[in-house]
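> To start, I am sharing the structure in question, which I have written as structure tokens.
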Amino acid sequence: MAQDRSAMGTAPPPVNGDNFLSEKSQLLTTATDTNTPLASSRAESFHSAESSQETPASSAKTTDVETLVEQDPTFSFPTNGSPLKVPIPHPQTPPPGFPKLTPEQESKYAQVLAKVSTWETLPASTAKKAAQVPISDNERMWMTRECLLRYLRATKWNVANALARLQSTLSWRREYGADTFTFDYISPENETGKQVILGYDVDARPCLYLSPGKQNTDMSDRQIHHLCFMLDRTVDMMPAGQENACLIINFKGAKAGTMPTVGQARAVLNILQGHNPERLGRALISELPWYVNTFFKLISPFIDPVTREKMKFNPKTRDFVPPDRLWKQQDGDLNFEYDHKVYWKGLEELTTARRKAMKTRWENAGKKIGEYEMYLRGGDHPSLQQEIQAAVDASGASSQVDVVAEAVGDMSVK
């Protein structure tokens with residue numbers, strides 16, 4: 001796959017705009033004013049200045065697709081009538097970006113950010129009195145600005161509940177081993193192509209196809225690990241400005257004997273709802289036999305209302321996914337053939353390169369908790385460090401970087 005330009009050390013985009021610099025300089029004035037009680041105002045000062053900047057959402061609407069979505073020069077659709085066999089690396093349309101926060105939401109975000117920035121250890125598992133283990137770099141990078149906001153939205157902006165759920169997910173991922181699953185370990189589960197990440201919907205969400213009728217293994221923990229792994233890879237495929245996925249679930253050919261138990265279904269819902277909050281954009285569910293309808297009725301009490309609203313049964317899929325990017329098996333026009341050896345290698349190369357590029361950007365920007373996902377994914381947005389530095393530069397100061405950094409807590413890895 002093509003090497004990411006940011007991974008090669010290309011400098012991040014510069015911060016532009018006199019208004020932006022002026023607003024940031026007000027932060028520095030507040031932070032360094034000896035007549036201002038710094039300890040009580042640092043978080044509010046920083047985040048009110050931050051909220052005055054143009055939001056990623058509004059930036060996305062005025063930015064060309066090519067700027068937001070880095071095209072892969074090594075990818076092209078077959079032109080000789082042969083089927084596509086590898087993942088599609090980018091959407092056709094620009095992602096929507098992220099919504100602007102209200103002042104109250106900004107305040108709650110600042111509280112969450114300030115708290116998680118002090119975390120040095122977390123429980124190794126979800127068990128009571130589990131041993132405390134230091135937070136890793138990968139866990140710090142995972143706690144992006146948008147990640148913290150997803151947990152706030154999922155808890156209706158309750159700061160204490162959002163913090164509890166964030167800690168619970170991090171401990172669960174450690175206990176479950178989510179970050180240890182490899183392509184080699186998961187490979188046997190996907191030999192029939194029962195889960196395929198392919199293309200993007202009309203809102204630039206990556207599509208994860210789930211085909212229970214292609215089940216090829218007996219029920220085991222690895223089957224659940226498989227879904228967890230593919231959800232993480234779907235996140236890898238999200239372009240800058242996107243945080244949701246589209247699930248396309250087709251029960252054609254599914255046999256009653258292969259349906260999961262209610263307990264297993266609850267485990268899957270725990271992964272989707274509990275530990276991937278606000279990640280589901282929509283779920284398109286089709287060709288349900290009677291026993292699947294019965295099964296959905298059984299698990300319905302465990303599906304939260306927000307998730308239920310995003311589930312569409314027997315929809316016209318072409319209304320939600322561009323027909324030329326929609327797999328033919330789902331009534332689309334895309335000629336795609338699942339060849340496990342070819343597809344699995346392509347998915348591994350693509351997602352591994354993207355994770356490496358994100359890690360490089362995060363390290364180059366100071367390893368900060370609360371980093372912008374738009375920046376990490378190579379979008380047209382400054383890093384958090386660039387915003388802080390812009391405020392310092394605009395003020396003409398030379399020794400207040402630490403004071404400004406304290407406004408958002410000490411987020412750098414020591």
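Labeling convention for the structure tokens: chains A, B, ... as they appear, residues from 1 per chain, ligands from 1 in order of appearance.
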Which residues come within 10 Å of A:Phe77, counting only C-alpha atoms, excluding same-chain residues fewer than 5 positions away, as a VMD selection string?

chain A and resid 82 to 86 88 334 to 335

> Looking only at the backbone, which of the residues in stretch 278-331 of chain A does DSSP tag as strand (DSSP E or B), as a VMD selection string?

chain A and resid 280 to 286 311 to 313 327

> What parts of stretch 111-169 of chain A does DSSP call alpha helix (DSSP H)? I'd like the answer as a ChimeraX atom specification.

/A:111-116,137-142,145-154,159-169

> Would you save the residues from that selection as an mmCIF file, in the first residue's frame, using N, CA and C atoms?


```cif
data_model
loop_
_atom_site.group_PDB
_atom_site.id
_atom_site.type_symbol
_atom_site.label_atom_id
_atom_site.label_comp_id
_atom_site.auth_asym_id
_atom_site.auth_seq_id
_atom_site.Cartn_x
_atom_site.Cartn_y
_atom_site.Cartn_z
ATOM 1 N N GLN A 111 -13.818 19.156 31.978
ATOM 2 C CA GLN A 111 -13.747 18.426 33.247
ATOM 3 C C GLN A 111 -13.267 16.996 33.035
ATOM 4 N N VAL A 112 -13.804 16.340 32.005
ATOM 5 C CA VAL A 112 -13.386 14.969 31.711
ATOM 6 C C VAL A 112 -11.918 14.936 31.301
ATOM 7 N N LEU A 113 -11.529 15.853 30.424
ATOM 8 C CA LEU A 113 -10.146 15.904 29.961
ATOM 9 C C LEU A 113 -9.175 16.132 31.113
ATOM 10 N N ALA A 114 -9.534 17.068 32.005
ATOM 11 C CA ALA A 114 -8.661 17.350 33.134
ATOM 12 C C ALA A 114 -8.476 16.123 34.008
ATOM 13 N N LYS A 115 -9.547 15.354 34.210
ATOM 14 C CA LYS A 115 -9.459 14.165 35.062
ATOM 15 C C LYS A 115 -8.657 13.043 34.411
ATOM 16 N N VAL A 116 -8.977 12.692 33.163
ATOM 17 C CA VAL A 116 -8.271 11.571 32.536
ATOM 18 C C VAL A 116 -6.795 11.894 32.321
ATOM 19 N N ASP A 137 1.048 3.885 26.066
ATOM 20 C CA ASP A 137 0.935 4.920 25.037
ATOM 21 C C ASP A 137 -0.292 4.701 24.160
ATOM 22 N N ASN A 138 -0.552 3.445 23.795
ATOM 23 C CA ASN A 138 -1.707 3.174 22.934
ATOM 24 C C ASN A 138 -3.007 3.573 23.619
ATOM 25 N N GLU A 139 -3.085 3.371 24.926
ATOM 26 C CA GLU A 139 -4.292 3.753 25.661
ATOM 27 C C GLU A 139 -4.416 5.271 25.746
ATOM 28 N N ARG A 140 -3.309 5.960 25.896
ATOM 29 C CA ARG A 140 -3.343 7.423 25.907
ATOM 30 C C ARG A 140 -3.792 7.950 24.540
ATOM 31 N N MET A 141 -3.255 7.385 23.493
ATOM 32 C CA MET A 141 -3.630 7.829 22.159
ATOM 33 C C MET A 141 -5.100 7.546 21.881
ATOM 34 N N TRP A 142 -5.615 6.461 22.414
ATOM 35 C CA TRP A 142 -7.024 6.084 22.232
ATOM 36 C C TRP A 142 -7.951 7.151 22.809
ATOM 37 N N ARG A 145 -9.882 13.582 21.775
ATOM 38 C CA ARG A 145 -10.960 14.523 22.100
ATOM 39 C C ARG A 145 -12.311 13.905 21.741
ATOM 40 N N GLU A 146 -12.414 13.371 20.538
ATOM 41 C CA GLU A 146 -13.690 12.823 20.080
ATOM 42 C C GLU A 146 -14.090 11.582 20.866
ATOM 43 N N CYS A 147 -13.115 10.783 21.298
ATOM 44 C CA CYS A 147 -13.416 9.613 22.131
ATOM 45 C C CYS A 147 -14.064 10.056 23.436
ATOM 46 N N LEU A 148 -13.477 11.033 24.100
ATOM 47 C CA LEU A 148 -14.039 11.526 25.358
ATOM 48 C C LEU A 148 -15.442 12.076 25.135
ATOM 49 N N LEU A 149 -15.643 12.759 24.010
ATOM 50 C CA LEU A 149 -16.968 13.303 23.705
ATOM 51 C C LEU A 149 -17.987 12.196 23.430
ATOM 52 N N ARG A 150 -17.545 11.102 22.809
ATOM 53 C CA ARG A 150 -18.474 9.992 22.557
ATOM 54 C C ARG A 150 -18.992 9.428 23.880
ATOM 55 N N TYR A 151 -18.124 9.297 24.857
ATOM 56 C CA TYR A 151 -18.559 8.760 26.152
ATOM 57 C C TYR A 151 -19.432 9.769 26.893
ATOM 58 N N LEU A 152 -19.179 11.050 26.720
ATOM 59 C CA LEU A 152 -20.060 12.056 27.318
ATOM 60 C C LEU A 152 -21.450 12.008 26.688
ATOM 61 N N ARG A 153 -21.501 11.906 25.366
ATOM 62 C CA ARG A 153 -22.811 11.828 24.708
ATOM 63 C C ARG A 153 -23.559 10.569 25.127
ATOM 64 N N ALA A 154 -22.830 9.466 25.237
ATOM 65 C CA ALA A 154 -23.458 8.188 25.596
ATOM 66 C C ALA A 154 -24.025 8.211 27.006
ATOM 67 N N VAL A 159 -20.621 13.824 33.675
ATOM 68 C CA VAL A 159 -19.165 13.716 33.757
ATOM 69 C C VAL A 159 -18.729 12.479 34.533
ATOM 70 N N ALA A 160 -19.321 12.249 35.700
ATOM 71 C CA ALA A 160 -18.926 11.101 36.528
ATOM 72 C C ALA A 160 -19.180 9.790 35.798
ATOM 73 N N ASN A 161 -20.337 9.681 35.149
ATOM 74 C CA ASN A 161 -20.656 8.445 34.437
ATOM 75 C C ASN A 161 -19.755 8.236 33.221
ATOM 76 N N ALA A 162 -19.439 9.325 32.543
ATOM 77 C CA ALA A 162 -18.541 9.215 31.386
ATOM 78 C C ALA A 162 -17.164 8.730 31.820
ATOM 79 N N LEU A 163 -16.650 9.263 32.915
ATOM 80 C CA LEU A 163 -15.343 8.836 33.427
ATOM 81 C C LEU A 163 -15.375 7.373 33.840
ATOM 82 N N ALA A 164 -16.453 6.952 34.481
ATOM 83 C CA ALA A 164 -16.570 5.559 34.909
ATOM 84 C C ALA A 164 -16.598 4.618 33.710
ATOM 85 N N ARG A 165 -17.323 5.017 32.664
ATOM 86 C CA ARG A 165 -17.403 4.154 31.483
ATOM 87 C C ARG A 165 -16.091 4.133 30.700
ATOM 88 N N LEU A 166 -15.399 5.258 30.655
ATOM 89 C CA LEU A 166 -14.087 5.276 30.002
ATOM 90 C C LEU A 166 -13.129 4.312 30.695
ATOM 91 N N GLN A 167 -13.092 4.387 32.020
ATOM 92 C CA GLN A 167 -12.207 3.484 32.759
ATOM 93 C C GLN A 167 -12.635 2.034 32.562
ATOM 94 N N SER A 168 -13.947 1.803 32.556
ATOM 95 C CA SER A 168 -14.456 0.443 32.373
ATOM 96 C C SER A 168 -14.037 -0.133 31.019
ATOM 97 N N THR A 169 -14.125 0.681 29.968
ATOM 98 C CA THR A 169 -13.744 0.198 28.635
ATOM 99 C C THR A 169 -12.252 -0.112 28.564
#
```

> Write out as a VMD selection string each polymer residue whose atoms come within 7 Å of stretch 228-232 of chain A, counting only C-alpha atoms; drop sequence neighbours fewer than 3 positions from it.

chain A and resid 181 224 to 225 235 to 236 271
